>>> print(open('query_11.pdb').read())   # PDB, C-alpha atoms
ATOM      1  CA  MET A   1       0.000   0.000   0.000
ATOM      2  CA  THR A   2       1.315   3.420  -0.882
ATOM      3  CA  LYS A   3       1.602   6.179   1.675
ATOM      4  CA  ALA A   4      -1.197   8.195  -0.016
ATOM      5  CA  THR A   5      -3.545   5.181   0.070
ATOM      6  CA  LEU A   6      -2.664   4.535   3.714
ATOM      7  CA  ASN A   7      -3.389   8.177   4.641
ATOM      8  CA  LYS A   8      -6.722   8.044   2.807
ATOM      9  CA  THR A   9      -7.634   4.835   4.643
ATOM     10  CA  ASN A  10      -6.668   6.365   8.013
ATOM     11  CA  TRP A  11      -8.728   9.481   7.226
ATOM     12  CA  ARG A  12     -11.825   7.405   6.403
ATOM     13  CA  GLY A  13     -11.333   5.376   9.565
ATOM     14  CA  ARG A  14     -11.204   8.526  11.661
ATOM     15  CA  ILE A  15     -14.370   9.887  10.076
ATOM     16  CA  ILE A  16     -16.204   6.588  10.613
ATOM     17  CA  ARG A  17     -14.910   6.403  14.187
ATOM     18  CA  TYR A  18     -15.601   9.973  15.302
ATOM     19  CA  ALA A  19     -18.603  11.055  13.196
ATOM     20  CA  PRO A  20     -21.242   9.420  15.444
ATOM     21  CA  LEU A  21     -19.607  10.978  18.509
ATOM     22  CA  ILE A  22     -19.520  14.464  17.003
ATOM     23  CA  LEU A  23     -23.061  14.098  15.665
ATOM     24  CA  TRP A  24     -24.312  13.024  19.099
ATOM     25  CA  ILE A  25     -22.647  16.034  20.753
ATOM     26  CA  GLY A  26     -24.465  18.202  18.209
ATOM     27  CA  ILE A  27     -27.762  16.528  19.100
ATOM     28  CA  ILE A  28     -27.125  17.171  22.797
ATOM     29  CA  PHE A  29     -26.415  20.855  22.175
ATOM     30  CA  PHE A  30     -29.519  21.134  19.986
ATOM     31  CA  ALA A  31     -31.571  19.549  22.769
ATOM     32  CA  SER A  32     -30.389  22.273  25.133
ATOM     33  CA  THR A  33     -31.950  25.012  23.006
ATOM     34  CA  THR A  34     -35.397  26.510  23.347
ATOM     35  CA  ALA A  35     -36.681  23.867  20.903
ATOM     36  CA  ALA A  36     -36.429  21.221  23.640
ATOM     37  CA  SER A  37     -37.688  23.327  26.531
ATOM     38  CA  MET A  38     -40.386  21.913  28.778
ATOM     39  CA  SER A  39     -43.069  24.019  27.128
ATOM     40  CA  ASN A  40     -42.130  22.625  23.713
ATOM     41  CA  THR A  41     -41.746  18.990  24.757
ATOM     42  CA  SER A  42     -45.097  19.160  26.521
ATOM     43  CA  ARG A  43     -46.713  19.409  23.085
ATOM     44  CA  PHE A  44     -46.066  15.727  22.423
ATOM     45  CA  ILE A  45     -45.251  14.299  25.857
ATOM     46  CA  GLY A  46     -48.379  15.835  27.424
ATOM     47  CA  PRO A  47     -50.908  14.217  25.053
ATOM     48  CA  LEU A  48     -49.047  10.916  25.262
ATOM     49  CA  LEU A  49     -49.200  10.956  29.054
ATOM     50  CA  GLU A  50     -52.875  11.928  28.970
ATOM     51  CA  PHE A  51     -53.532   8.992  26.640
ATOM     52  CA  LEU A  52     -51.598   6.534  28.813
ATOM     53  CA  PHE A  53     -52.974   7.835  32.129
ATOM     54  CA  PRO A  54     -56.424   9.314  31.365
ATOM     55  CA  ASP A  55     -57.617   9.555  34.986
ATOM     56  CA  THR A  56     -54.454  11.166  36.368
ATOM     57  CA  SER A  57     -54.455  14.753  37.622
ATOM     58  CA  GLU A  58     -52.620  17.521  35.771
ATOM     59  CA  GLU A  59     -50.120  17.905  38.639
ATOM     60  CA  ILE A  60     -49.149  14.226  38.525
ATOM     61  CA  LEU A  61     -48.811  14.347  34.727
ATOM     62  CA  LEU A  62     -46.471  17.314  35.149
ATOM     63  CA  ILE A  63     -44.371  15.272  37.575
ATOM     64  CA  TYR A  64     -44.252  12.382  35.063
ATOM     65  CA  HIS A  65     -43.196  14.833  32.383
ATOM     66  CA  GLY A  66     -40.346  15.987  34.625
ATOM     67  CA  TYR A  67     -39.236  12.400  35.201
ATOM     68  CA  ILE A  68     -39.208  11.756  31.463
ATOM     69  CA  ARG A  69     -37.098  14.851  30.883
ATOM     70  CA  LYS A  70     -34.627  13.871  33.611
ATOM     71  CA  SER A  71     -34.456  10.336  32.198
ATOM     72  CA  ALA A  72     -33.548  11.895  28.867
ATOM     73  CA  HIS A  73     -30.493  13.473  30.520
ATOM     74  CA  PHE A  74     -29.335  10.081  31.769
ATOM     75  CA  VAL A  75     -29.925   8.357  28.421
ATOM     76  CA  GLN A  76     -28.375  11.128  26.302
ATOM     77  CA  TYR A  77     -25.144  11.081  28.261
ATOM     78  CA  ALA A  78     -25.034   7.286  28.482
ATOM     79  CA  ALA A  79     -25.189   7.336  24.674
ATOM     80  CA  LEU A  80     -22.463  10.005  24.582
ATOM     81  CA  ALA A  81     -20.217   7.791  26.704
ATOM     82  CA  PHE A  82     -20.994   4.836  24.423
ATOM     83  CA  TRP A  83     -20.002   6.713  21.258
ATOM     84  CA  ALA A  84     -16.899   8.105  22.989
ATOM     85  CA  LEU A  85     -15.801   4.663  24.186
ATOM     86  CA  LEU A  86     -16.418   3.148  20.770
ATOM     87  CA  ALA A  87     -14.289   5.842  19.153
ATOM     88  CA  PHE A  88     -11.561   5.813  21.783
ATOM     89  CA  CYS A  89     -11.107   2.035  22.122
ATOM     90  CA  THR A  90     -10.253   1.779  18.407
ATOM     91  CA  SER A  91      -8.450   5.101  18.135
ATOM     92  CA  SER A  92      -5.108   5.434  16.413
ATOM     93  CA  ILE A  93      -4.082   7.732  19.265
ATOM     94  CA  LYS A  94      -2.485   5.480  21.878
ATOM     95  CA  PHE A  95      -3.265   7.863  24.729
ATOM     96  CA  LEU A  96      -7.011   7.674  24.001
ATOM     97  CA  ARG A  97      -6.904   3.880  23.768
ATOM     98  CA  LYS A  98      -4.967   3.565  27.015
ATOM     99  CA  TYR A  99      -7.145   5.997  28.982
ATOM    100  CA  GLN A 100     -10.414   5.458  27.119
ATOM    101  CA  TYR A 101     -12.577   5.309  30.249
ATOM    102  CA  ALA A 102     -11.120   8.445  31.794
ATOM    103  CA  ALA A 103     -11.234  10.269  28.443
ATOM    104  CA  ALA A 104     -14.880   9.309  27.947
ATOM    105  CA  LEU A 105     -15.780  10.439  31.461
ATOM    106  CA  ILE A 106     -13.946  13.749  31.000
ATOM    107  CA  LEU A 107     -15.739  14.290  27.684
ATOM    108  CA  VAL A 108     -19.120  13.539  29.289
ATOM    109  CA  ALA A 109     -18.398  15.942  32.166
ATOM    110  CA  ALA A 110     -17.161  18.674  29.803
ATOM    111  CA  VAL A 111     -20.132  18.425  27.439
ATOM    112  CA  ALA A 112     -22.577  18.297  30.383
ATOM    113  CA  SER A 113     -20.985  21.363  31.969
ATOM    114  CA  LEU A 114     -20.986  23.313  28.706
ATOM    115  CA  ASP A 115     -24.561  22.232  28.015
ATOM    116  CA  GLU A 116     -25.857  23.394  31.393
ATOM    117  CA  THR A 117     -23.833  26.606  31.222
ATOM    118  CA  GLY A 118     -25.371  27.363  27.837
ATOM    119  CA  GLN A 119     -28.842  26.604  29.187
ATOM    120  CA  SER A 120     -28.362  29.124  31.977
ATOM    121  CA  PHE A 121     -28.153  31.864  29.316
ATOM    122  CA  THR A 122     -31.307  30.689  27.510
ATOM    123  CA  PRO A 123     -34.491  32.363  28.812
ATOM    124  CA  THR A 124     -36.680  29.233  28.574
ATOM    125  CA  ARG A 125     -34.090  26.904  30.117
ATOM    126  CA  THR A 126     -32.260  26.653  33.417
ATOM    127  CA  GLY A 127     -28.781  25.344  34.068
ATOM    128  CA  SER A 128     -28.365  23.040  37.053
ATOM    129  CA  ILE A 129     -25.411  21.355  38.701
ATOM    130  CA  TYR A 130     -27.782  18.500  39.539
ATOM    131  CA  ASP A 131     -28.372  17.926  35.834
ATOM    132  CA  VAL A 132     -24.593  17.802  35.309
ATOM    133  CA  LEU A 133     -24.358  15.173  38.044
ATOM    134  CA  LEU A 134     -27.225  13.222  36.462
ATOM    135  CA  ASP A 135     -25.481  13.433  33.075
ATOM    136  CA  ILE A 136     -22.208  12.180  34.549
ATOM    137  CA  THR A 137     -24.103   9.329  36.239
ATOM    138  CA  GLY A 138     -25.498   8.305  32.844
ATOM    139  CA  GLY A 139     -21.975   8.364  31.414
ATOM    140  CA  LEU A 140     -20.604   6.333  34.320
ATOM    141  CA  PHE A 141     -23.386   3.787  33.902
ATOM    142  CA  MET A 142     -22.460   3.263  30.251
ATOM    143  CA  ILE A 143     -18.755   3.045  31.084
ATOM    144  CA  PHE A 144     -19.584   0.337  33.621
ATOM    145  CA  LEU A 145     -21.660  -1.549  31.024
ATOM    146  CA  PHE A 146     -18.853  -1.207  28.480
ATOM    147  CA  ILE A 147     -16.286  -2.603  30.934
ATOM    148  CA  LEU A 148     -18.643  -5.462  31.751
ATOM    149  CA  PHE A 149     -19.218  -6.201  28.064
ATOM    150  CA  LYS A 150     -15.472  -6.172  27.324
ATOM    151  CA  PHE A 151     -14.823  -8.531  30.229
ATOM    152  CA  PHE A 152     -17.347 -11.087  29.021
ATOM    153  CA  TRP A 153     -16.316 -10.626  25.381
ATOM    154  CA  ARG A 154     -12.697 -11.384  26.225
ATOM    155  CA  LYS A 155     -13.685 -14.307  28.388
ATOM    156  CA  TYR A 156     -15.900 -16.073  25.834
ATOM    157  CA  ASN A 157     -14.506 -15.014  22.437
ATOM    158  CA  LYS A 158     -11.120 -15.786  20.971
ATOM    159  CA  ASN A 159     -11.509 -13.091  18.299
ATOM    160  CA  ASN A 160     -10.842 -10.078  20.509
ATOM    161  CA  MET A 161     -11.821  -6.913  18.664
ATOM    162  CA  PHE A 162     -10.907  -4.762  21.675
ATOM    163  CA  ASP A 163      -7.178  -5.564  21.751
ATOM    164  CA  LYS A 164      -6.405  -4.302  18.254
TER     165      LYS A 164
END
>>> encode(input="query_11.pdb", output="structure tokens")
Amino acid sequence: MTKATLNKTNWRGRIIRYAPLILWIGIIFFASTTAASMSNTSRFIGPLLEFLFPDTSEEILLIYHGYIRKSAHFVQYAALAFWALLAFCTSSIKFLRKYQYAAALILVAAVASLDETGQSFTPTRTGSIYDVLLDITGGLFMIFLFILFKFFWRKYNKNNMFDK
């Protein structure tokens, strides 16, 4: 393989590896805009909750709506950690491969902090340290699942895709 072909292959590999991660960060930052404020999400979550729980009071439905929104924090940042770990464990940068868990956790914490800081400047949103902690918890949960998956994968499969 020529050097030009090798560089082109490496470039494609980087795009394939990091594109989902960068796209997901973009989705997270979009979700922190006014478009995903509680008043806007209530347009589709509210009717769904009313359909699922027709005899429930408005106050309880509002509490359910809040739980759904907080669950979204956990899930969004668990997915961020997943995409970060997937990119980092196969990275050509040795440092990222070696410290993939710490790098993923730092990325989750940085994006969560920036996200909540940005929300504090948006009139229809509020930034909260508790949301940052919830986001980091989602990231830690996914890191734990990833470690668990790698352990069992190594134990039961001879073709180890994680040690490349």
>>> atom_distance(input="query_11.pdb", atom1="atom CA of Tyr101 of chain A", atom2="atom CA of Arg14 of chain A")
18.9 Å
>>> atom_distance(input="query_11.pdb", atom1="atom CA of Ala102 of chain A", atom2="atom CA of Met142 of chain A")
12.6 Å
>>> residues_around(input="query_11.pdb", residues="segment 72-82 of chain A", least_positions_apart="2", cutoff="8 Å", atoms="only C-alpha atoms", output="compact mmCIF listing (two decimals) with C-alpha atoms, keeping the file's coordinate frame")
# COMPACT_ATOMS: atom_id res chain seq x y z
CA LEU A 21 -19.61 10.98 18.51
CA TRP A 24 -24.31 13.02 19.10
CA ILE A 25 -22.65 16.03 20.75
CA ILE A 28 -27.12 17.17 22.80
CA ILE A 68 -39.21 11.76 31.46
CA ARG A 69 -37.10 14.85 30.88
CA LYS A 70 -34.63 13.87 33.61
CA ALA A 84 -16.90 8.10 22.99
CA LEU A 85 -15.80 4.66 24.19
CA LEU A 86 -16.42 3.15 20.77
CA ALA A 104 -14.88 9.31 27.95
CA LEU A 105 -15.78 10.44 31.46
CA LEU A 107 -15.74 14.29 27.68
CA VAL A 108 -19.12 13.54 29.29
CA ALA A 112 -22.58 18.30 30.38
CA ASP A 131 -28.37 17.93 35.83
CA LEU A 134 -27.22 13.22 36.46
CA ASP A 135 -25.48 13.43 33.08
CA ILE A 136 -22.21 12.18 34.55
CA THR A 137 -24.10 9.33 36.24
CA GLY A 138 -25.50 8.30 32.84
CA GLY A 139 -21.98 8.36 31.41
CA LEU A 140 -20.60 6.33 34.32
CA PHE A 141 -23.39 3.79 33.90
CA MET A 142 -22.46 3.26 30.25
CA ILE A 143 -18.76 3.04 31.08
CA PHE A 146 -18.85 -1.21 28.48
>>> resolve_selection(input="query_11.pdb", expression="the PyMOL selection byres ((chain A and resi 34) around 12)", output="MDAnalysis selection string")
chainID A and resid 29:33 35:41 118:126
>>> axis_aligned_box(input="query_11.pdb", around="segment 19-28 of chain A", padding_each_side="6 Å", output="JSON")
{"center_x": -23.2, "center_y": 13.8, "center_z": 18.0, "size_x": 21.2, "size_y": 20.8, "size_z": 21.6}
>>> atom_distance(input="query_11.pdb", atom1="atom CA of Gly127 of chain A", atom2="atom CA of Ile63 of chain A")
18.9 Å
>>> closest_residue(input="query_11.pdb", among="A:Cys89, A:Leu133, A:Ala19, A:Gly46", to="Ile147 of chain A", atoms="all atoms listed in the file")
A:Cys89
